[in-house]
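**Student:** Data: structure.csv, CSV, C-alpha atoms.
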chain,number,residue,atom,x,y,z
A,1,MET,CA,48.9,156.1,73.2
A,2,PRO,CA,50.2,157.7,69.9
A,3,ASP,CA,50.6,155.4,66.9
A,4,GLU,CA,54.0,156.4,65.6
A,5,THR,CA,56.9,154.1,66.3
A,6,ILE,CA,60.5,153.7,65.5
A,7,LYS,CA,61.3,150.1,65.0
A,8,SER,CA,64.7,148.6,65.8
A,9,PRO,CA,66.4,146.8,63.0
A,10,GLU,CA,65.3,143.2,62.4
A,11,VAL,CA,62.2,143.3,64.6
A,12,ARG,CA,60.0,140.3,64.0
A,13,ASN,CA,56.6,140.2,65.5
A,14,ASN,CA,55.8,136.6,64.8
A,15,GLU,CA,58.7,135.0,66.7
A,16,PRO,CA,58.1,133.6,70.2
A,17,SER,CA,59.2,135.7,73.1
A,18,GLU,CA,62.0,133.2,74.0
A,19,ALA,CA,63.5,133.5,70.6
A,20,LEU,CA,63.3,137.3,70.5
A,21,PHE,CA,64.8,137.9,73.9
A,22,LYS,CA,68.6,137.5,73.8
A,23,PRO,CA,70.4,138.9,76.8
A,24,GLU,CA,73.5,139.9,74.7
A,25,SER,CA,71.2,142.3,72.8
A,26,ILE,CA,70.4,144.2,76.0
A,27,ALA,CA,72.7,146.9,77.3
A,28,ILE,CA,72.4,148.0,80.9
A,29,VAL,CA,73.5,151.6,81.5
A,30,THR,CA,74.1,152.7,85.1
A,31,SER,CA,76.3,154.9,87.2
A,32,THR,CA,78.1,154.3,90.5
A,33,PHE,CA,79.4,156.6,93.2
A,34,TYR,CA,80.4,155.0,96.5
A,35,PRO,CA,83.5,156.8,97.8
A,36,GLY,CA,83.1,155.3,101.2
A,37,TRP,CA,82.7,151.6,100.2
A,38,TYR,CA,85.0,149.0,101.6
A,39,GLU,CA,85.3,145.3,101.2
A,40,GLY,CA,84.1,142.7,103.7
A,41,GLU,CA,81.8,142.8,106.7
A,42,VAL,CA,80.2,146.0,108.0
A,43,LYS,CA,82.5,147.9,110.4
A,44,GLY,CA,80.7,149.9,113.1
A,45,GLU,CA,77.6,151.7,111.9
A,46,LEU,CA,76.3,150.8,108.4
A,47,SER,CA,76.8,153.6,105.9
A,48,ALA,CA,74.8,154.4,102.8
A,49,ASP,CA,77.9,153.9,100.6
A,50,LYS,CA,78.6,150.5,102.1
A,51,LEU,CA,75.0,149.4,101.8
A,52,ARG,CA,74.4,150.7,98.3
A,53,GLY,CA,77.8,149.5,97.0
A,54,ASP,CA,77.1,146.0,98.3
A,55,LEU,CA,73.7,146.0,96.5
A,56,ALA,CA,75.3,147.4,93.3
A,57,LEU,CA,77.8,144.6,93.2
A,58,GLN,CA,75.0,142.0,93.6
A,59,THR,CA,73.0,143.7,90.8
A,60,LEU,CA,76.0,143.9,88.4
A,61,LYS,CA,77.1,140.4,89.1
A,62,SER,CA,73.6,139.2,88.3
A,63,ALA,CA,73.6,141.2,85.0
A,64,GLN,CA,77.0,139.7,84.1
A,65,GLU,CA,75.9,136.2,84.9
A,66,GLN,CA,72.8,136.6,82.6
A,67,ASN,CA,75.0,137.8,79.7
A,68,PHE,CA,73.6,141.3,79.5
A,69,GLN,CA,76.1,143.9,78.2
A,70,VAL,CA,76.9,146.3,81.1
A,71,VAL,CA,78.1,149.9,80.9
A,72,ILE,CA,79.1,151.5,84.2
A,73,VAL,CA,80.1,155.1,84.6
A,74,ASP,CA,81.8,155.7,87.9
A,75,GLY,CA,81.8,159.1,89.5
A,76,GLY,CA,84.5,158.5,92.1
A,77,SER,CA,84.0,155.3,94.0
A,78,SER,CA,86.7,154.0,96.3
A,79,GLU,CA,89.5,152.0,94.8
A,80,ALA,CA,88.2,149.0,96.8
A,81,PHE,CA,84.9,149.2,95.0
A,82,LYS,CA,86.5,149.5,91.5
A,83,ASN,CA,88.8,146.5,92.4
A,84,ALA,CA,85.7,144.5,93.4
A,85,LEU,CA,84.2,145.2,90.0
A,86,GLU,CA,87.4,144.0,88.3
A,87,GLN,CA,87.6,140.9,90.5
A,88,ASN,CA,84.1,140.0,89.6
A,89,LYS,CA,84.9,140.5,85.9
A,90,ILE,CA,82.3,143.3,85.6
A,91,TYR,CA,83.6,145.2,82.6
A,92,PHE,CA,82.9,148.5,80.8
A,93,GLU,CA,83.6,150.6,83.8
A,94,MET,CA,84.5,154.2,82.8
A,95,GLN,CA,85.5,157.2,84.8
A,96,GLN,CA,82.8,159.9,84.7
A,97,GLN,CA,83.9,162.9,82.7
A,98,GLN,CA,81.4,165.5,83.9
A,99,GLY,CA,79.8,165.7,87.4
A,100,GLY,CA,76.1,164.9,87.9
A,101,TYR,CA,73.7,162.1,87.6
A,102,SER,CA,72.4,163.0,84.1
A,103,PRO,CA,75.9,163.5,82.5
A,104,ALA,CA,77.0,160.1,83.8
A,105,ARG,CA,74.0,158.4,82.1
A,106,ARG,CA,74.5,160.3,78.9
A,107,GLN,CA,78.1,159.1,78.9
A,108,GLY,CA,77.0,155.6,79.3
A,109,ILE,CA,74.5,155.8,76.5
A,110,GLU,CA,77.2,157.2,74.2
A,111,ARG,CA,79.4,154.2,75.1
A,112,VAL,CA,76.6,151.9,74.0
A,113,GLU,CA,77.0,153.2,70.4
A,114,SER,CA,80.3,151.3,70.1
A,115,LEU,CA,78.9,148.0,71.4
A,116,GLN,CA,77.8,145.2,69.0
A,117,GLY,CA,74.3,143.8,68.6
A,118,VAL,CA,72.5,146.0,71.2
A,119,LYS,CA,68.8,146.4,70.4
A,120,VAL,CA,67.5,147.7,73.8
A,121,ILE,CA,69.0,150.0,76.3
A,122,VAL,CA,68.0,149.6,80.0
A,123,GLN,CA,68.8,152.6,82.2
A,124,THR,CA,68.7,151.7,85.9
A,125,GLU,CA,70.0,152.5,89.3
A,126,PRO,CA,72.6,149.9,90.2
A,127,GLU,CA,71.1,149.1,93.6
A,128,LYS,CA,67.9,147.8,92.2
A,129,ILE,CA,68.6,144.0,92.1
A,130,SER,CA,65.1,143.0,91.2
A,131,THR,CA,65.2,145.1,88.0
A,132,VAL,CA,67.8,142.9,86.6
A,133,SER,CA,66.4,139.6,88.0
A,134,ASP,CA,62.7,140.2,87.4
A,135,CYS,CA,62.0,143.1,85.1
A,136,ILE,CA,64.3,143.4,82.1
A,137,GLN,CA,62.8,140.6,80.0
A,138,PRO,CA,59.1,141.7,80.3
A,139,GLY,CA,60.2,145.3,79.9
A,140,SER,CA,62.3,144.7,76.8
A,141,LEU,CA,59.9,142.4,74.9
A,142,PRO,CA,57.5,145.2,73.7
A,143,ILE,CA,60.4,146.9,72.1
A,144,LEU,CA,61.8,143.7,70.6
A,145,LYS,CA,58.4,142.9,69.2
A,146,GLY,CA,58.1,146.4,67.6
A,147,GLU,CA,55.2,147.4,69.8
A,148,ALA,CA,56.9,150.3,71.7
A,149,ASP,CA,59.8,152.7,71.5
A,150,ILE,CA,60.0,153.3,75.2
A,151,VAL,CA,58.8,151.1,78.1
A,152,ILE,CA,58.0,152.5,81.5
A,153,LEU,CA,58.0,149.8,84.2
A,154,GLN,CA,54.9,149.9,86.4
A,155,ARG,CA,54.9,148.9,90.1
A,156,ASP,CA,51.8,147.5,91.7
A,157,GLU,CA,50.6,148.1,95.3
A,158,GLU,CA,52.5,145.0,96.5
A,159,SER,CA,55.7,146.4,95.0
A,160,PHE,CA,55.2,149.9,96.6
A,161,LEU,CA,54.7,148.2,100.0
A,162,THR,CA,58.4,147.1,99.9
A,163,TYR,CA,59.5,150.7,100.0
A,164,PRO,CA,59.9,153.0,103.0
A,165,LYS,CA,56.5,154.6,103.9
A,166,LEU,CA,57.4,158.2,103.1
A,167,GLN,CA,59.0,157.3,99.8
A,168,ARG,CA,56.0,155.2,98.8
A,169,GLU,CA,53.6,158.0,99.6
A,170,GLN,CA,55.7,160.7,97.9
A,171,GLU,CA,56.2,158.7,94.7
A,172,GLN,CA,52.5,157.7,94.4
A,173,LYS,CA,51.4,161.3,95.0
A,174,SER,CA,54.0,162.6,92.5
A,175,ASN,CA,52.9,160.0,89.9
A,176,LYS,CA,49.3,161.1,90.2
A,177,LYS,CA,50.3,164.8,89.8
A,178,TYR,CA,52.4,164.1,86.8
A,179,ASN,CA,49.8,162.1,85.0
A,180,ASP,CA,47.1,164.7,85.8
A,181,ILE,CA,49.3,167.4,84.3
A,182,LEU,CA,50.0,165.4,81.2
A,183,ARG,CA,46.3,164.7,80.6
A,184,SER,CA,45.5,168.4,81.1
A,185,ARG,CA,48.0,169.3,78.4
A,186,GLY,CA,46.9,166.7,76.0
A,187,LEU,CA,50.1,164.6,76.2
A,188,LEU,CA,48.1,161.6,77.6
A,189,LYS,CA,44.6,160.7,76.7
A,190,GLY,CA,42.0,160.0,79.4
A,191,SER,CA,42.0,156.3,78.4
A,192,ASP,CA,45.8,155.9,78.6
A,193,PRO,CA,47.2,154.1,81.6
A,194,ASP,CA,49.1,156.1,84.2
A,195,LEU,CA,52.9,156.1,83.8
A,196,ASP,CA,55.0,155.2,86.8
A,197,PHE,CA,57.3,158.2,86.3
A,198,TRP,CA,59.0,157.9,89.7
A,199,PHE,CA,60.2,154.4,89.1
A,200,GLY,CA,63.6,155.5,87.7
A,201,GLN,CA,64.1,152.6,85.2
A,202,ARG,CA,63.9,153.6,81.6
A,203,ILE,CA,64.0,151.0,78.7
A,204,PHE,CA,64.2,152.2,75.1
A,205,ALA,CA,65.1,151.1,71.6
A,206,ASN,CA,68.7,151.5,70.6
A,207,THR,CA,68.1,153.8,67.7
A,208,PRO,CA,69.8,157.2,66.9
A,209,GLN,CA,66.6,159.1,67.5
A,210,LEU,CA,65.9,157.5,70.9
A,211,ARG,CA,69.5,157.9,72.0
A,212,GLU,CA,69.4,161.6,71.0
A,213,LEU,CA,66.2,162.0,73.0
A,214,PHE,CA,68.0,160.8,76.2
A,215,GLN,CA,71.2,162.7,75.4
A,216,THR,CA,69.8,166.1,74.8
A,217,THR,CA,70.8,168.6,77.5
A,218,TYR,CA,68.5,171.3,78.8
A,219,GLN,CA,69.2,174.1,81.2
A,220,TYR,CA,67.0,176.1,83.6
A,221,ASP,CA,67.1,179.9,83.9
A,222,LYS,CA,67.0,180.4,87.6
A,223,GLY,CA,65.3,183.3,89.3
A,224,ASN,CA,65.5,184.3,93.0
A,225,THR,CA,62.7,182.2,94.5
A,226,ALA,CA,63.3,179.6,97.2
A,227,ILE,CA,62.5,176.7,94.8
A,228,ASP,CA,65.0,178.1,92.2
A,229,LYS,CA,67.8,177.4,94.7
A,230,THR,CA,67.1,173.7,94.6
A,231,VAL,CA,66.5,173.3,90.9
A,232,ASN,CA,69.1,171.2,89.0
A,233,VAL,CA,67.9,169.7,85.8
A,234,GLU,CA,71.2,167.8,85.5
A,235,MET,CA,70.3,165.6,88.5
A,236,TYR,CA,67.2,163.7,87.3
A,237,SER,CA,65.0,165.6,84.9
A,238,ASN,CA,67.4,165.7,81.9
A,239,ILE,CA,67.9,161.9,81.8
A,240,GLN,CA,64.7,160.5,83.4
A,241,PHE,CA,61.8,162.9,83.1
A,242,PHE,CA,62.3,165.3,80.1
A,243,PRO,CA,62.9,162.5,77.5
A,244,ILE,CA,59.6,160.8,78.3
A,245,VAL,CA,57.6,164.1,78.0
A,246,ALA,CA,59.5,164.9,74.8
A,247,ALA,CA,58.7,161.4,73.5
A,248,LEU,CA,55.0,161.9,74.2
A,249,HIS,CA,55.1,165.3,72.5
A,250,GLN,CA,56.7,163.6,69.4
A,251,ARG,CA,54.0,161.0,69.4
A,252,LEU,CA,56.3,158.1,70.0
A,253,ARG,CA,54.9,154.9,71.5
A,254,ILE,CA,55.4,154.6,75.2
A,255,LYS,CA,54.2,151.4,76.8
A,256,SER,CA,53.5,150.8,80.5
A,257,VAL,CA,54.5,147.2,81.6
A,258,LEU,CA,53.6,145.8,85.0
A,259,VAL,CA,56.6,144.1,86.7
A,260,PRO,CA,57.1,142.2,90.0
A,261,TYR,CA,59.7,144.6,91.3
A,262,GLN,CA,60.8,144.1,95.0
A,263,HIS,CA,62.8,146.9,96.7
A,264,PRO,CA,65.8,145.6,98.7
A,265,LYS,CA,64.7,144.9,102.3
A,266,ILE,CA,68.0,146.0,103.7
A,267,GLN,CA,67.7,149.4,101.9
A,268,THR,CA,64.1,149.9,103.1
A,269,ALA,CA,65.1,149.2,106.7
A,270,PHE,CA,68.1,151.5,106.5
A,271,GLU,CA,66.1,154.5,105.0
A,272,GLU,CA,62.8,154.0,107.0
A,273,GLY,CA,62.3,157.0,109.2
A,274,ASN,CA,65.8,158.4,108.3
A,275,SER,CA,65.4,162.2,108.4
A,276,THR,CA,68.2,162.7,105.8
A,277,PHE,CA,66.4,160.7,103.2
A,278,ASP,CA,63.0,162.2,104.1
A,279,ILE,CA,64.2,165.7,103.6
A,280,LYS,CA,65.8,164.8,100.4
A,281,ARG,CA,62.6,163.3,99.0
A,282,HIS,CA,60.5,166.3,100.0
A,283,THR,CA,63.0,168.6,98.2
A,284,GLN,CA,63.2,166.3,95.1
A,285,ARG,CA,59.4,166.3,94.7
A,286,ARG,CA,59.0,170.1,94.8
A,287,THR,CA,62.1,170.6,92.6
A,288,ILE,CA,61.3,168.1,89.9
A,289,ILE,CA,57.7,169.1,89.5
A,290,THR,CA,58.9,172.7,88.9
A,291,GLU,CA,61.3,171.5,86.3
A,292,PHE,CA,58.6,169.3,84.8
A,293,VAL,CA,56.0,172.1,84.4
A,294,ASN,CA,58.6,174.4,82.9
A,295,PHE,CA,59.6,171.7,80.4
A,296,ILE,CA,56.0,171.3,79.2
A,297,ARG,CA,55.9,175.0,78.7
A,298,TYR,CA,59.1,174.8,76.7
A,299,LEU,CA,57.5,172.2,74.4
A,300,GLU,CA,54.5,174.4,74.0
A,301,LYS,CA,56.8,177.4,73.1
A,302,SER,CA,55.5,179.4,76.1
A,303,ASP,CA,57.3,182.6,77.1
A,304,LYS,CA,56.7,181.5,80.7
A,305,SER,CA,59.1,178.6,80.4
A,306,ARG,CA,62.5,178.8,82.0
A,307,ILE,CA,63.9,175.8,80.1
A,308,SER,CA,66.1,176.0,77.0
A,309,ILE,CA,68.5,173.7,75.2
A,310,LYS,CA,72.0,174.0,76.6
A,311,SER,CA,74.3,175.4,74.0
I need this file expressed as structure tokens, please.
**Tutor:**
Amino acid sequence: MPDETIKSPEVRNNEPSEALFKPESIAIVTSTFYPGWYEGEVKGELSADKLRGDLALQTLKSAQEQNFQVVIVDGGSSEAFKNALEQNKIYFEMQQQQGGYSPARRQGIERVESLQGVKVIVQTEPEKISTVSDCIQPGSLPILKGEADIVILQRDEESFLTYPKLQREQEQKSNKKYNDILRSRGLLKGSDPDLDFWFGQRIFANTPQLRELFQTTYQYDKGNTAIDKTVNVEMYSNIQFFPIVAALHQRLRIKSVLVPYQHPKIQTAFEEGNSTFDIKRHTQRRTIITEFVNFIRYLEKSDKSRISIKS
């Protein structure tokens, strides 16, 4: 990977990992949206909001118990869910100011600027309990040691097997496609490890340049094709995919770290064979790769790109 790095303040390479890793120096940024969540046991048929809200509460309670700093941007969850956050003393919940997945995360990253002592920002989906329990420490250490600016967590085959079959196949296929494109454009070397792009967690140093990388907003000039109707860079690309490609272009150091992530069994069982989720994943794959290719063209200053910085 490229040599350049932006070191966080007070990085010391010779300290043991246990001394370097202090939970209070880690800020977890996430967003919630469970308008249909309710407290207590499942009533009737299990809904996605109930399932995901329950998982989110487990994740956030775990983060709080481990003394991580937590920033939650809520996009309109039920009052019951927000009351549950308060009852569990899960703080830094903010009302989302602008709709969309990427705007929520940008708002959270901006909030981190006012927190004290944060060296590493972890951007994660709130339902991924194993990220908080198993992955934050190994994912943060390369940044704390000054070895990386951004860490992409890497799942192994055992981890992928905990996912619904179609999701597993789609994400592995998409990862291969993305890495092949990056190598063909010189953004990855042949000897560089593949990056697990489709694992949505992003860990990066809390520096102005890295925050700006994740807070820059791009727009897509839509045409009249069928794929253009599904394009929405404010969903995932602006906050999860474009910053990583831009970092490679800027020759920042990105490190792949293998982690023992396990997808929630109850979520896998709920989504396995569910046509709603299957259709969503097929659409996401086609849409995001269109946005991805156009963003690389933008970085290459190609007239064929439909991406520009939003004014």
**Student:** Which is closer to A:Glu300 than all the others in A:His282, A:Val259, A:Thr217, A:Arg185, using only C-alpha atoms?
**Tutor:**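 The answer is A:Arg185, which sits nearest to A:Glu300.
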**Student:** If we draw a sphere of 10 Å around (72.6, 160.7, 76.0), which residues have at least one atom in it when counting all atoms listed in the file? Please report them as a list in words.
**Tutor:**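 Nearby residues: Ser102, Pro103, Ala104, Arg105, Arg106, Gln107, Gly108, Ile109, Glu110, Arg111, Val112, Leu210, Arg211, Glu212, Leu213, Phe214, Gln215, Thr216, Thr217, Asn238, Ile239 and Pro243 of chain A.
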**Student:** Please provide as a VMD selection string all residues within 10 Å of A:Ile244, with the sequence filter that same-chain residues fewer than 6 positions apart are discarded (counting all atoms listed in the file).
**Tutor:** chain A and resid 150 to 152 195 197 202 213 to 214 237 to 238 250 252 254
**Student:** Please determine, counting only C-alpha atoms, which residue among A:Thr162, A:Asn206, A:Thr225, A:Gln170 has the shortest atom-to-atom distance to A:Ala269.
**Tutor:**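 For A:Ala269, the nearest of the given residues is A:Thr162.
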**Student:** Using only C-alpha atoms, determine which residues lie at most 9 Å from A:Leu153, disregarding the query and same-chain residues fewer than 6 positions distant; provide the list as a list in words.
**Tutor:**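 Close residues of A:Leu153: Cys135, Gly139, Leu195, Asp196, Phe197, Phe199, Gly200, Gln201, Arg202, Ile203, Lys255, Ser256, Val257, Leu258, Val259 and Tyr261 of chain A.
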**Student:** Taking 3 positions as the minimum chain separation for residues in the same chain, which residues sit within 10 Å of A:Gln262 when counting only C-alpha atoms? Answer as a PyMOL selection string.
**Tutor:** chain A and resi 128-131+134+155+158-163+259+265
**Student:** Residues of stretch 139-249 of chain A within 9 Å of stretch 20-24 of chain A: nearest atom pair and distance (Å, one decimal) for each, counting all atoms listed in the file, sorted by chain and number, as a Markdown table?
**Tutor:**
| residue | atom | partner | partner_atom | distance |
| --- | --- | --- | --- | --- |
| A:Ser140 | CA | A:Phe21 | CA | 7.8 |
| A:Leu141 | CA | A:Phe21 | CA | 6.7 |
| A:Leu144 | CA | A:Leu20 | CA | 6.6 |
| A:Lys145 | CA | A:Leu20 | CA | 7.6 |
**Student:** So, with only C-alpha atoms as the atoms that count, which of A:Val29, A:Leu51, A:Val120, A:Leu46 lies closest to A:Met94?
**Tutor:**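 Of all the options, A:Val29 lies closest to A:Met94.
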**Student:** Mind giving me the straight-line distance from atom CA of A:Asp303 to atom CA of A:Thr230 in Å, one decimal?
**Tutor:**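 That distance, rounded to one decimal, is 21.9 Å.
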**Student:** Pick out the residues sitting within 9 Å of stretch 87-89 of chain A, and hand them over as a list in words; count all atoms listed in the file, and ignore anything fewer than 6 positions along from it in its own chain.
**Tutor:**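 My reading of the contact set: Leu57, Lys61 and Gln64 of chain A.
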**Student:** Compare A:Arg253, A:Lys119, A:Lys165, A:Lys82 by their minimum atom-to-atom distance to A:Glu272, counting all atoms listed in the file, and give me the closest one.
**Tutor:**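 Closest to A:Glu272, using all atoms listed in the file: A:Lys165.
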**Student:** Rounded to one decimal place, report the atom CA of A:Pro138-atom CA of A:Asn67 distance in Å.
**Tutor:**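 Here the two named atoms are 16.4 Å from each other.
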**Student:** The centre and edge lengths of an axis-aligned box containing all atoms of stretch 114-133 of chain A present in the file, extended by 6 Å on each side, are to be given in Å to one decimal, as lines of an AutoDock Vina configuration file.
**Tutor:**
center_x = 72.7
center_y = 146.1
center_z = 81.1
size_x = 27.2
size_y = 25.0
size_z = 37.0
**Student:** What is the atom CA of A:Ser77-atom CA of A:Glu234 distance in Å, reported with one decimal?
**Tutor:**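 Distance between the two atoms: 19.8 Å.
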**Student:** Write out as a ChimeraX atom specification each polymer residue whose atoms come within 12 Å of stretch 186-189 of chain A, counting only C-alpha atoms; drop sequence neighbours fewer than 3 positions from it.
**Tutor:** /A:1-2,178-183,192-195,244-255,296,299-300
